[in-house]
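Peer 1: run.csv is reproduced in full below (CSV, C-alpha atoms and all ligand atoms).
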chain,number,residue,atom,x,y,z
F,1,MET,CA,-176.3,-90.6,-38.5
F,2,ALA,CA,-177.2,-88.7,-35.3
F,3,GLU,CA,-175.5,-91.5,-33.4
F,4,PHE,CA,-172.4,-91.1,-35.5
F,5,HIS,CA,-172.3,-87.3,-34.9
F,6,GLY,CA,-172.7,-87.9,-31.2
F,7,SER,CA,-169.7,-90.2,-30.8
F,8,PHE,CA,-167.6,-88.0,-33.1
F,9,GLY,CA,-168.3,-85.0,-30.8
F,10,LEU,CA,-167.3,-87.1,-27.8
F,11,LEU,CA,-164.0,-88.1,-29.4
F,12,GLN,CA,-163.3,-84.6,-30.4
F,13,ARG,CA,-163.8,-83.3,-26.8
F,14,THR,CA,-161.6,-86.1,-25.4
F,15,CYS,CA,-158.8,-85.2,-27.7
F,16,ALA,CA,-159.1,-81.5,-26.9
F,17,LEU,CA,-158.9,-82.3,-23.2
F,18,LEU,CA,-155.9,-84.5,-23.8
F,19,VAL,CA,-154.1,-81.8,-25.7
F,20,ALA,CA,-154.9,-79.3,-23.0
F,21,ALA,CA,-153.5,-81.6,-20.3
F,22,CYS,CA,-150.3,-82.0,-22.3
F,23,VAL,CA,-149.9,-78.3,-22.8
F,24,ILE,CA,-150.4,-77.7,-19.0
F,25,HIS,CA,-147.9,-80.4,-18.2
F,26,LEU,CA,-145.4,-79.0,-20.6
F,27,SER,CA,-145.8,-75.5,-19.2
F,28,VAL,CA,-145.3,-76.7,-15.7
F,29,VAL,CA,-142.2,-78.7,-16.7
F,30,ILE,CA,-140.8,-75.6,-18.5
F,31,VAL,CA,-141.4,-73.3,-15.5
F,32,PHE,CA,-139.7,-75.7,-13.1
F,33,TYR,CA,-136.8,-76.2,-15.5
F,34,MET,CA,-136.3,-72.4,-15.8
F,35,ARG,CA,-136.5,-71.9,-12.1
F,36,SER,CA,-133.9,-74.6,-11.4
F,37,PHE,CA,-131.5,-72.5,-13.6
F,38,ASP,CA,-132.4,-69.5,-11.6
F,39,ILE,CA,-131.6,-71.2,-8.3
F,40,VAL,CA,-128.3,-72.6,-9.5
F,41,ALA,CA,-127.3,-69.2,-10.7
F,42,ARG,CA,-128.0,-67.7,-7.3
F,43,ILE,CA,-125.8,-70.3,-5.3
F,44,PRO,CA,-122.3,-68.7,-5.0
F,45,LEU,CA,-119.8,-71.0,-6.6
F,46,PRO,CA,-117.1,-72.0,-4.1
F,47,GLN,CA,-113.9,-70.1,-4.9
F,48,HIS,CA,-111.7,-73.0,-3.6
F,49,GLU,CA,-112.2,-76.6,-2.8
F,50,PRO,CA,-113.5,-76.9,0.8
F,51,THR,CA,-110.4,-77.9,2.8
F,52,GLY,CA,-112.1,-78.9,6.1
F,53,ALA,CA,-110.4,-78.6,9.4
F,54,ARG,CA,-106.7,-79.1,9.0
F,55,GLU,CA,-104.0,-79.5,11.6
F,56,THR,CA,-100.5,-78.8,10.3
F,57,SER,CA,-98.6,-81.8,11.4
F,58,ALA,CA,-95.9,-84.1,10.2
F,59,ARG,CA,-98.7,-86.1,8.7
F,60,ASN,CA,-99.8,-83.4,6.3
F,61,ARG,CA,-96.4,-82.3,5.2
F,62,SER,CA,-97.8,-82.9,1.7
F,63,ALA,CA,-100.9,-80.8,2.3
F,64,PRO,CA,-102.1,-79.5,-1.0
F,65,ASP,CA,-101.4,-75.9,-1.9
F,66,THR,CA,-105.0,-74.9,-1.4
F,67,PRO,CA,-105.7,-71.6,0.4
F,68,GLU,CA,-106.4,-71.8,4.0
F,69,VAL,CA,-108.2,-69.3,6.1
F,70,ASP,CA,-106.1,-68.3,9.1
F,71,ALA,CA,-108.7,-67.6,11.6
F,72,GLU,CA,-106.4,-65.7,14.1
F,73,ARG,CA,-105.2,-63.4,11.3
F,74,ASN,CA,-108.5,-63.4,9.5
F,75,GLN,CA,-106.7,-63.9,6.2
F,76,THR,CA,-106.8,-66.4,3.4
F,77,LEU,CA,-103.3,-67.7,2.9
F,78,GLN,CA,-101.6,-70.5,0.9
F,79,TYR,CA,-99.7,-73.2,2.6
F,80,CYS,CA,-96.0,-72.5,2.5
F,81,PRO,CA,-94.2,-74.2,-0.3
F,82,GLU,CA,-92.5,-77.6,0.4
F,83,THR,CA,-89.2,-76.0,-0.5
F,84,PRO,CA,-88.9,-72.5,1.1
F,85,PRO,CA,-88.0,-70.0,-1.6
F,86,ARG,CA,-85.6,-67.7,0.3
F,87,LEU,CA,-83.0,-70.3,1.4
F,88,GLU,CA,-79.4,-69.3,0.9
F,89,GLY,CA,-77.6,-72.7,1.0
F,90,PRO,CA,-74.1,-72.7,2.5
F,91,LEU,CA,-73.7,-70.2,5.3
F,92,HIS,CA,-70.9,-68.4,7.0
F,93,VAL,CA,-70.8,-69.3,10.7
F,94,ASP,CA,-67.9,-68.0,12.7
F,95,PHE,CA,-67.7,-68.4,16.5
F,96,SER,CA,-64.5,-66.3,16.7
F,97,ARG,CA,-66.5,-63.2,15.8
F,98,PRO,CA,-68.5,-61.7,18.6
F,99,VAL,CA,-72.2,-61.3,17.8
F,100,LYS,CA,-75.0,-58.9,19.0
F,101,LEU,CA,-78.7,-59.6,19.3
F,102,ASP,CA,-79.8,-56.0,19.0
F,103,VAL,CA,-81.3,-56.4,15.5
F,104,LEU,CA,-83.2,-59.6,16.5
F,105,MET,CA,-84.4,-57.9,19.7
F,106,THR,CA,-86.3,-55.3,17.6
F,107,ASP,CA,-87.6,-57.8,15.0
F,108,ALA,CA,-91.3,-57.1,15.1
F,109,ARG,CA,-92.1,-60.4,13.4
F,110,LEU,CA,-90.9,-62.3,16.5
F,111,SER,CA,-93.4,-62.4,19.4
F,112,LEU,CA,-92.5,-62.9,23.0
F,113,GLY,CA,-90.9,-66.2,23.8
F,114,GLY,CA,-89.0,-66.2,20.4
F,115,HIS,CA,-92.2,-67.3,18.6
F,116,TYR,CA,-92.4,-66.8,14.9
F,117,ARG,CA,-94.7,-67.7,12.0
F,118,PRO,CA,-94.4,-66.5,8.5
F,119,SER,CA,-96.8,-63.7,7.5
F,120,GLU,CA,-96.8,-64.7,3.8
F,121,CYS,CA,-98.1,-68.3,4.2
F,122,VAL,CA,-99.4,-71.0,6.6
F,123,SER,CA,-96.5,-73.2,7.9
F,124,ARG,CA,-97.0,-76.9,7.3
F,125,GLN,CA,-95.7,-77.7,10.8
F,126,LYS,CA,-95.6,-76.2,14.2
F,127,VAL,CA,-92.1,-76.7,15.5
F,128,ALA,CA,-90.9,-76.5,19.1
F,129,LEU,CA,-87.1,-76.1,19.5
F,130,ILE,CA,-86.0,-77.7,22.7
F,131,ILE,CA,-82.6,-76.8,24.1
F,132,PRO,CA,-81.2,-78.4,27.3
F,133,PHE,CA,-79.2,-75.8,29.1
F,134,ARG,CA,-77.0,-74.9,32.0
F,135,ASP,CA,-74.4,-72.1,32.3
F,136,ARG,CA,-73.8,-71.5,28.6
F,137,GLU,CA,-74.9,-67.9,28.1
F,138,LEU,CA,-72.4,-67.1,25.3
F,139,HIS,CA,-73.4,-70.3,23.4
F,140,LEU,CA,-77.0,-69.3,23.7
F,141,THR,CA,-76.2,-65.9,22.2
F,142,TYR,CA,-74.6,-67.5,19.2
F,143,TRP,CA,-77.5,-70.0,18.8
F,144,LEU,CA,-80.1,-67.3,18.8
F,145,PHE,CA,-78.1,-65.0,16.5
F,146,TYR,CA,-77.6,-67.7,13.8
F,147,MET,CA,-80.7,-69.8,14.3
F,148,HIS,CA,-83.6,-67.3,14.2
F,149,PRO,CA,-82.8,-66.0,10.7
F,150,ILE,CA,-82.4,-69.6,9.4
F,151,LEU,CA,-85.7,-70.8,11.0
F,152,GLN,CA,-87.5,-67.8,9.5
F,153,ARG,CA,-86.1,-68.4,6.0
F,154,GLN,CA,-87.4,-72.0,6.5
F,155,GLN,CA,-90.9,-70.6,6.9
F,156,LEU,CA,-91.5,-72.5,10.1
F,157,ASP,CA,-94.1,-71.7,12.7
F,158,TYR,CA,-91.7,-72.1,15.6
F,159,GLY,CA,-91.0,-71.3,19.3
F,160,VAL,CA,-87.7,-71.6,21.2
F,161,TYR,CA,-87.6,-73.3,24.7
F,162,VAL,CA,-84.4,-73.2,26.7
F,163,ILE,CA,-84.7,-75.8,29.5
F,164,GLU,CA,-82.3,-75.0,32.3
F,165,GLN,CA,-81.4,-77.6,34.9
F,166,ASN,CA,-81.6,-75.9,38.3
F,167,GLY,CA,-78.9,-76.5,41.0
F,168,ASP,CA,-75.6,-78.3,40.7
F,169,GLU,CA,-76.5,-81.9,40.4
F,170,THR,CA,-75.1,-83.9,37.5
F,171,PHE,CA,-76.5,-82.8,34.1
F,172,ASN,CA,-79.3,-84.9,32.6
F,173,ARG,CA,-79.8,-84.0,28.9
F,174,ALA,CA,-82.5,-86.5,28.0
F,175,LYS,CA,-84.7,-85.7,31.0
F,176,LEU,CA,-84.4,-82.0,30.2
F,177,LEU,CA,-85.6,-82.8,26.6
F,178,ASN,CA,-88.6,-84.6,28.1
F,179,VAL,CA,-89.4,-81.6,30.2
F,180,GLY,CA,-89.1,-79.4,27.2
F,181,TYR,CA,-91.6,-81.5,25.3
F,182,VAL,CA,-94.2,-81.3,28.1
F,183,GLU,CA,-93.7,-77.6,28.8
F,184,ALA,CA,-93.7,-76.5,25.1
F,185,LEU,CA,-97.1,-78.3,24.6
F,186,LYS,CA,-98.5,-76.3,27.5
F,187,ASP,CA,-97.6,-73.2,25.5
F,188,TYR,CA,-98.8,-74.0,21.9
F,189,HIS,CA,-100.1,-76.9,19.9
F,190,TYR,CA,-96.8,-78.0,18.4
F,191,ASP,CA,-96.7,-81.1,16.3
F,192,CYS,CA,-93.0,-81.4,15.7
F,193,PHE,CA,-90.0,-81.2,18.2
F,194,VAL,CA,-86.5,-80.4,17.3
F,195,PHE,CA,-84.1,-81.3,20.1
F,196,SER,CA,-80.9,-79.4,19.8
F,197,ASP,CA,-77.7,-79.0,21.7
F,198,ILE,CA,-76.9,-75.3,22.5
F,199,ASP,CA,-73.5,-75.4,20.8
F,200,ILE,CA,-74.4,-76.8,17.3
F,201,ILE,CA,-75.3,-74.6,14.3
F,202,PRO,CA,-76.0,-75.9,10.8
F,203,ILE,CA,-74.0,-74.3,8.1
F,204,ASP,CA,-76.5,-74.8,5.3
F,205,ASP,CA,-80.1,-73.6,5.7
F,206,ARG,CA,-81.4,-76.3,3.4
F,207,ASN,CA,-81.1,-78.5,6.4
F,208,LEU,CA,-84.7,-78.0,7.4
F,209,TYR,CA,-85.5,-78.1,11.1
F,210,LYS,CA,-88.8,-79.9,10.8
F,211,CYS,CA,-90.2,-83.4,11.0
F,212,TYR,CA,-90.3,-86.1,8.5
F,213,ASP,CA,-92.1,-89.5,8.0
F,214,GLN,CA,-89.4,-91.1,10.2
F,215,PRO,CA,-87.4,-89.5,13.0
F,216,ARG,CA,-84.6,-87.3,11.6
F,217,HIS,CA,-81.0,-86.8,12.6
F,218,LEU,CA,-80.0,-83.3,11.5
F,219,SER,CA,-76.4,-82.8,12.7
F,220,VAL,CA,-74.9,-85.4,10.4
F,221,ALA,CA,-71.6,-83.9,9.5
F,222,MET,CA,-70.1,-82.0,12.4
F,223,ASP,CA,-66.7,-80.2,12.2
F,224,LYS,CA,-65.9,-81.8,15.5
F,225,PHE,CA,-66.0,-85.2,13.8
F,226,GLY,CA,-64.2,-84.1,10.6
F,227,PHE,CA,-67.5,-83.4,8.9
F,228,ASN,CA,-68.5,-87.1,9.2
F,229,LEU,CA,-70.6,-89.3,11.4
F,230,PRO,CA,-68.6,-90.6,14.4
F,231,TYR,CA,-70.4,-93.9,13.9
F,232,ASN,CA,-73.3,-95.1,11.7
F,233,HIS,CA,-76.1,-95.0,14.3
F,234,TYR,CA,-75.1,-91.7,15.9
F,235,PHE,CA,-78.2,-89.8,16.8
F,236,GLY,CA,-76.8,-87.0,19.0
F,237,GLY,CA,-76.5,-83.3,18.6
F,238,VAL,CA,-79.7,-82.2,16.8
F,239,SER,CA,-82.7,-84.4,15.9
F,240,SER,CA,-86.4,-84.0,15.2
F,241,LEU,CA,-89.4,-86.2,16.1
F,242,SER,CA,-93.0,-85.6,15.4
F,243,LYS,CA,-95.4,-85.8,18.4
F,244,GLU,CA,-96.5,-89.3,17.3
F,245,GLN,CA,-93.0,-90.5,16.9
F,246,TYR,CA,-92.0,-89.2,20.3
F,247,LEU,CA,-95.0,-90.8,22.0
F,248,LYS,CA,-94.4,-94.1,20.2
F,249,ILE,CA,-91.1,-94.5,22.0
F,250,ASN,CA,-92.4,-93.2,25.4
F,251,GLY,CA,-90.1,-90.1,25.0
F,252,PHE,CA,-86.6,-90.4,26.3
F,253,SER,CA,-85.0,-92.1,29.3
F,254,ASN,CA,-84.9,-90.0,32.4
F,255,ASN,CA,-82.0,-92.0,33.9
F,256,TYR,CA,-78.9,-91.0,32.0
F,257,TRP,CA,-77.1,-88.7,34.4
F,258,GLY,CA,-73.9,-87.3,33.1
F,259,TRP,CA,-72.4,-87.3,29.6
F,260,GLY,CA,-73.1,-90.0,27.0
F,261,GLY,CA,-75.3,-92.8,26.0
F,262,GLU,CA,-78.7,-91.1,26.1
F,263,ASP,CA,-78.7,-90.5,22.4
F,264,ASP,CA,-77.8,-94.2,21.7
F,265,ASP,CA,-80.7,-95.1,24.0
F,266,ILE,CA,-83.1,-92.9,21.9
F,267,TYR,CA,-81.8,-94.6,18.7
F,268,ASN,CA,-82.4,-98.0,20.3
F,269,ARG,CA,-86.0,-97.0,21.2
F,270,LEU,CA,-86.7,-95.9,17.6
F,271,LEU,CA,-85.5,-99.1,16.2
F,272,LEU,CA,-87.4,-101.2,18.8
F,273,GLN,CA,-90.6,-99.4,17.8
F,274,GLY,CA,-90.0,-100.3,14.1
F,275,MET,CA,-88.9,-96.9,13.0
F,276,SER,CA,-85.8,-95.9,11.1
F,277,ILE,CA,-84.0,-92.6,10.9
F,278,THR,CA,-83.7,-90.2,8.0
F,279,ARG,CA,-80.8,-87.8,7.4
F,280,PRO,CA,-80.1,-84.9,5.0
F,281,ASP,CA,-77.3,-85.3,2.5
F,282,HIS,CA,-73.8,-85.0,3.8
F,283,ASN,CA,-73.2,-81.5,2.3
F,284,ILE,CA,-76.5,-80.1,3.5
F,285,GLY,CA,-76.1,-81.6,7.0
F,286,MET,CA,-72.9,-79.9,7.8
F,287,CYS,CA,-72.7,-78.2,11.2
F,288,LYS,CA,-70.3,-76.3,13.4
F,289,MET,CA,-69.9,-76.9,17.1
F,290,ILE,CA,-68.6,-74.3,19.5
F,291,ARG,CA,-65.5,-75.6,21.2
F,292,HIS,CA,-65.5,-75.7,24.9
F,293,VAL,CA,-64.1,-77.6,27.9
F,294,ARG,CA,-66.3,-80.3,29.4
F,295,ASP,CA,-68.7,-79.1,32.0
F,296,LYS,CA,-67.6,-80.2,35.5
F,297,LEU,CA,-71.2,-81.2,36.3
F,298,ASN,CA,-71.4,-83.4,33.1
F,299,GLN,CA,-68.8,-86.0,33.6
F,300,PRO,CA,-69.1,-89.2,31.6
F,301,ASN,CA,-71.8,-91.5,33.0
F,302,PRO,CA,-70.0,-94.7,34.0
F,303,GLN,CA,-73.3,-96.7,33.8
F,304,ARG,CA,-74.1,-95.8,30.2
F,305,PHE,CA,-72.6,-99.0,28.8
F,306,THR,CA,-74.9,-101.2,30.9
F,307,GLN,CA,-77.9,-98.9,30.5
F,308,ILE,CA,-77.9,-98.9,26.7
F,309,SER,CA,-77.9,-102.7,26.6
F,310,TYR,CA,-81.2,-102.7,28.5
F,311,THR,CA,-83.3,-100.3,26.4
F,312,ARG,CA,-85.7,-103.0,25.4
F,313,GLU,CA,-86.5,-103.7,29.1
F,314,THR,CA,-86.6,-100.2,30.4
F,315,MET,CA,-88.3,-98.1,27.6
F,316,GLU,CA,-91.8,-99.1,28.6
F,317,LYS,CA,-91.6,-97.7,32.1
F,318,ASP,CA,-88.8,-95.1,31.8
F,319,GLY,CA,-89.8,-92.1,29.8
F,320,ILE,CA,-92.5,-89.5,29.4
F,321,ASN,CA,-94.9,-91.8,31.4
F,322,SER,CA,-92.6,-91.7,34.4
F,323,LEU,CA,-91.3,-88.1,34.1
F,324,SER,CA,-91.4,-86.1,37.3
F,325,TYR,CA,-89.9,-82.6,37.9
F,326,SER,CA,-90.9,-79.2,39.2
F,327,VAL,CA,-90.8,-75.9,37.4
F,328,VAL,CA,-88.7,-73.3,39.3
F,329,SER,CA,-89.5,-70.4,36.9
F,330,TRP,CA,-91.1,-69.9,33.5
F,331,GLU,CA,-90.1,-66.7,31.7
F,332,LYS,CA,-90.8,-65.4,28.2
F,333,ASN,CA,-87.9,-63.4,26.8
F,334,ARG,CA,-87.9,-61.6,23.5
F,335,LEU,CA,-86.0,-64.3,21.7
F,336,TYR,CA,-86.8,-67.5,23.7
F,337,THR,CA,-88.7,-69.0,26.6
F,338,LYS,CA,-86.5,-69.9,29.6
F,339,ILE,CA,-87.8,-72.6,31.9
F,340,ILE,CA,-85.8,-73.4,34.9
F,341,VAL,CA,-86.6,-76.8,36.3
F,342,ASP,CA,-85.7,-79.0,39.2
F,343,ILE,CA,-85.3,-82.5,37.9
F,344,GLY,CA,-84.0,-84.2,41.0
F,345,LYS,CA,-80.7,-86.1,41.3
F,346,PRO,CA,-79.2,-89.4,40.3
F,347,PRO,CA,-80.5,-92.2,42.4
F,348,HIS,CA,-77.2,-93.4,43.9
F,349,LEU,CA,-76.5,-90.0,45.5
L,401,LIG,C1,-70.6,-91.9,22.0
L,401,LIG,C2,-71.6,-91.7,23.1
L,401,LIG,C3,-72.7,-90.7,22.6
L,401,LIG,C4,-72.1,-89.5,22.1
L,401,LIG,C5,-71.1,-89.8,21.0
L,401,LIG,C6,-70.4,-88.6,20.3
L,401,LIG,C7,-71.7,-93.6,24.6
L,401,LIG,C8,-72.4,-94.9,25.0
L,401,LIG,C9,-71.5,-96.0,25.2
L,401,LIG,C10,-71.0,-96.7,24.0
L,401,LIG,N1,-72.1,-92.9,23.5
L,401,LIG,O1,-69.6,-92.7,22.4
L,401,LIG,O2,-73.5,-90.5,23.7
L,401,LIG,O3,-73.1,-88.6,21.6
L,401,LIG,O4,-70.1,-90.7,21.5
L,401,LIG,O5,-69.7,-87.9,21.2
L,401,LIG,O6,-70.8,-93.2,25.3
Would you write the structure of this file as structure tokens?
Peer 2:
Amino acid sequence: MAEFHGSFGLLQRTCALLVAACVIHLSVVIVFYMRSFDIVARIPLPQHEPTGARETSARNRSAPDTPEVDAERNQTLQYCPETPPRLEGPLHVDFSRPVKLDVLMTDARLSLGGHYRPSECVSRQKVALIIPFRDRELHLTYWLFYMHPILQRQQLDYGVYVIEQNGDETFNRAKLLNVGYVEALKDYHYDCFVFSDIDIIPIDDRNLYKCYDQPRHLSVAMDKFGFNLPYNHYFGGVSSLSKEQYLKINGFSNNYWGWGGEDDDIYNRLLLQGMSITRPDHNIGMCKMIRHVRDKLNQPNPQRFTQISYTRETMEKDGINSLSYSVVSWEKNRLYTKIIVDIGKPPHL
């Protein structure tokens, strides 16, 4: 009997110990469980999805509309919408009416060099407008007068670069465009380049001066050609290429001195690199050109017919990789940056 009592007491104590161990374990679990709630409650929930470092480029045209911290302005801003909200559609452009730049000159939203970016949102692309130039002051006035408001309504982060050929050698449009590409990149981290003649103005602001998945031809229905294309693969007037697209074709040829052919050569380069061109619809792509007599120093290039048949052979060594020039002056005006350059002369002279 005494033996029975002894083993019963041992069993009782073992059970009591077990229960105590379970209680302690449960308490510890409960304490940690409660604390984990406390910790989670103290972590601030992110207000927005983390967006990571984001470059606005032709690649992220479709960037989600998540807020973006603009470090320079120290603000949180949304990306600008894909379709800018304040576009007007068809515009009245009249070159017989004199225009003044006084209102634009006092536009506080434009910074020196004709640089603008919207204050209400973060632009999806950084666009450099490159204009080859010589002796066309009146055309430049019209271009600035009409284009600045259009580009602002298009909510672009843009800068205007007028590349003037120094001296009185034959004009070389494509080489000046190459110079514009290089010089603009020294100024700002552009990812899109719009190459525009000085005398062409779009008459519909839905014709967005930005870059697309493929190189874009923007001046598709010019009054000069009866609001049509002069031929199917015409790529002259105004076009846009992203940095990647431009580099893929080694930029433009430096060897088209005088009028004609350089735009056909660019078109050949794009095709040879497996790209195609995009265009706005006919009614959106309508443009007006300022009538003028042909520049004496821009006579038709007699070699252009031969040159454009050799694009495949020449494009690898003639382009941005062989560009040479010297800057004569670099000047930031209120409405544009003027860069005067010495680009040499045609080889046969
Ligand atoms: C083409 C020119 C282009 C010019 C358009 C429109 C040539 C190359 C030889 C066939 N091409 O004839 O450079 O932009 O006319 O004016 O001359």
Peer 1: Tell me which of F:Met286, F:Val220, F:Leu241, F:Leu335 sits closest to ligand LIG 401 (chain L), counting all atoms listed in the file.
Peer 2: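 Comparing F:Met286, F:Val220, F:Leu241, F:Leu335 against ligand LIG 401 (chain L), the winner is F:Val220.
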Peer 1: Skipping near chain neighbours, those fewer than 5 positions away, what residues fall within 8 Å of stretch 306-314 of chain F using all atoms listed in the file, listed as a list in words?
Peer 2: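 Everything that qualifies: Gly261, Glu262, Asp264, Asp265, Asn268, Arg269 and Leu272 of chain F.
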Peer 1: Go through the chains and note each residue within 9 Å of ligand LIG 401 (chain L), using only C-alpha atoms and all ligand atoms, then give the set as a list in words.
Peer 2: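 The distance check yields Phe225, Leu229, Pro230, Tyr231, Tyr234, Phe235, Gly236, Gly237, Trp259, Gly260, Gly261, Glu262, Asp263, Asp264, Asp265, Pro300, Asn301, Pro302, Gln303, Arg304, Phe305, Thr306, Gln307 and Ile308 of chain F.
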Peer 1: Write the residues you've just listed into a file as an mmCIF file, in the frame of the given file, and include C-alpha atoms for each of them.
Peer 2:
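Below you can see again.cif, which holds the result:
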data_model
loop_
_atom_site.group_PDB
_atom_site.id
_atom_site.type_symbol
_atom_site.label_atom_id
_atom_site.label_comp_id
_atom_site.auth_asym_id
_atom_site.auth_seq_id
_atom_site.Cartn_x
_atom_site.Cartn_y
_atom_site.Cartn_z
ATOM 1 C CA PHE F 225 -66.000 -85.200 13.800
ATOM 2 C CA LEU F 229 -70.600 -89.300 11.400
ATOM 3 C CA PRO F 230 -68.600 -90.600 14.400
ATOM 4 C CA TYR F 231 -70.400 -93.900 13.900
ATOM 5 C CA TYR F 234 -75.100 -91.700 15.900
ATOM 6 C CA PHE F 235 -78.200 -89.800 16.800
ATOM 7 C CA GLY F 236 -76.800 -87.000 19.000
ATOM 8 C CA GLY F 237 -76.500 -83.300 18.600
ATOM 9 C CA TRP F 259 -72.400 -87.300 29.600
ATOM 10 C CA GLY F 260 -73.100 -90.000 27.000
ATOM 11 C CA GLY F 261 -75.300 -92.800 26.000
ATOM 12 C CA GLU F 262 -78.700 -91.100 26.100
ATOM 13 C CA ASP F 263 -78.700 -90.500 22.400
ATOM 14 C CA ASP F 264 -77.800 -94.200 21.700
ATOM 15 C CA ASP F 265 -80.700 -95.100 24.000
ATOM 16 C CA PRO F 300 -69.100 -89.200 31.600
ATOM 17 C CA ASN F 301 -71.800 -91.500 33.000
ATOM 18 C CA PRO F 302 -70.000 -94.700 34.000
ATOM 19 C CA GLN F 303 -73.300 -96.700 33.800
ATOM 20 C CA ARG F 304 -74.100 -95.800 30.200
ATOM 21 C CA PHE F 305 -72.600 -99.000 28.800
ATOM 22 C CA THR F 306 -74.900 -101.200 30.900
ATOM 23 C CA GLN F 307 -77.900 -98.900 30.500
ATOM 24 C CA ILE F 308 -77.900 -98.900 26.700
#
Peer 1: Could you list, as a list in words, every residue within 8 Å of stretch 114-122 of chain F, counting all atoms listed in the file and ignoring same-chain residues fewer than 5 positions away?
Peer 2: Glu68, Asp70, Leu77, Gln78, Tyr79, Cys80, Arg109, Gln152, Gln155, Leu156, Asp157, Tyr158, Gly159, Val160, Asn333, Arg334, Leu335, Tyr336 and Thr337 of chain F
Peer 1: Dump as a PyMOL selection string all residues having an atom at most 9 Å from (-99.8, -85.5, 21.1), computed in the file's coordinates with only C-alpha atoms.
Peer 2: chain F and resi 185+189-191+242-244+246-247
Peer 1: So how many Å separate atom CA of F:Tyr256 and atom CA of F:Phe195, to one decimal?
Peer 2: 16.2 Å
Peer 1: How many Å lie between atom CA of F:Ala184 and atom CA of F:Gly113, rounded to one decimal?
Peer 2: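 So the answer is 10.8 Å.
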Peer 1: What is the distance between atom CA of F:Glu169 and atom CA of F:Phe193, in Å to one decimal?
Peer 2: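 Atom-to-atom, atom CA of F:Glu169 and atom CA of F:Phe193 are spaced 26.0 Å apart.
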Peer 1: Need the shell around F:Val238: protein/DNA/RNA residues with any atom at most 7 Å away, counting only C-alpha atoms. Skip same-chain ones fewer than 4 positions apart. Format as a ChimeraX atom specification?
Peer 2: /F:195-197,217-219
Peer 1: Identify, on the basis of all atoms listed in the file, every residue whose closest approach to F:Ile290 does not exceed 9 Å; exclude the query and any residue fewer than 4 positions from it along the same chain; express the result as a list in words.
Peer 2: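 Result of the neighbour search: Phe95, His139, Ile198, Asp199, Ile200, Ile201 and Lys224 of chain F.
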Peer 1: Can you pull out the residues contacting F:Phe133? Cut-off 12 Å, using all atoms listed in the file, and skip same-chain residues under 6 positions away; I want them as a CSV table (one decimal) with C-alpha atoms, keeping the file's coordinate frame.
Peer 2:
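Result saved to out-v5.csv:
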chain,number,residue,atom,x,y,z
F,139,HIS,CA,-73.4,-70.3,23.4
F,140,LEU,CA,-77.0,-69.3,23.7
F,143,TRP,CA,-77.5,-70.0,18.8
F,161,TYR,CA,-87.6,-73.3,24.7
F,162,VAL,CA,-84.4,-73.2,26.7
F,163,ILE,CA,-84.7,-75.8,29.5
F,164,GLU,CA,-82.3,-75.0,32.3
F,165,GLN,CA,-81.4,-77.6,34.9
F,166,ASN,CA,-81.6,-75.9,38.3
F,167,GLY,CA,-78.9,-76.5,41.0
F,171,PHE,CA,-76.5,-82.8,34.1
F,172,ASN,CA,-79.3,-84.9,32.6
F,173,ARG,CA,-79.8,-84.0,28.9
F,174,ALA,CA,-82.5,-86.5,28.0
F,175,LYS,CA,-84.7,-85.7,31.0
F,176,LEU,CA,-84.4,-82.0,30.2
F,177,LEU,CA,-85.6,-82.8,26.6
F,179,VAL,CA,-89.4,-81.6,30.2
F,180,GLY,CA,-89.1,-79.4,27.2
F,195,PHE,CA,-84.1,-81.3,20.1
F,196,SER,CA,-80.9,-79.4,19.8
F,197,ASP,CA,-77.7,-79.0,21.7
F,198,ILE,CA,-76.9,-75.3,22.5
F,199,ASP,CA,-73.5,-75.4,20.8
F,295,ASP,CA,-68.7,-79.1,32.0
F,298,ASN,CA,-71.4,-83.4,33.1
F,337,THR,CA,-88.7,-69.0,26.6
F,338,LYS,CA,-86.5,-69.9,29.6
F,339,ILE,CA,-87.8,-72.6,31.9
F,340,ILE,CA,-85.8,-73.4,34.9
F,341,VAL,CA,-86.6,-76.8,36.3
Peer 1: Using all atoms listed in the file, which of F:Glu183, F:Asp94, F:Arg134, F:Pro149 sits nearest F:Glu331?
Peer 2: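 Between F:Glu183, F:Asp94, F:Arg134, F:Pro149, the residue approaching F:Glu331 most closely is F:Glu183.
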Peer 1: Between F:Tyr181, F:Tyr188, F:Tyr209, F:Tyr325, which residue has the minimum interatomic distance to F:Leu151, considering all atoms listed in the file?
Peer 2: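 Looking only at the distances to F:Leu151, the closest residue turns out to be F:Tyr209.
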Peer 1: Point out the residue among F:Val293, F:Ala16, F:Leu208, F:Val194 with the least atom-to-atom distance to F:Val127, counting only C-alpha atoms.
Peer 2: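 Residue with the minimum atom-to-atom distance to F:Val127: F:Val194.
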Peer 1: Which one of F:Gln12, F:Ser324, F:Gln75, F:Ser96 sits closest to F:Val182 if you count all atoms listed in the file?
Peer 2: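 Ranking F:Gln12, F:Ser324, F:Gln75, F:Ser96 by distance to F:Val182, first place goes to F:Ser324.
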Peer 1: Taking into account all atoms listed in the file, which residue in the set F:Thr170, F:Ser253, F:Ser322, F:Thr278 is nearest to F:His348?
Peer 2: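 Selected residue with least distance to F:His348: F:Thr170.
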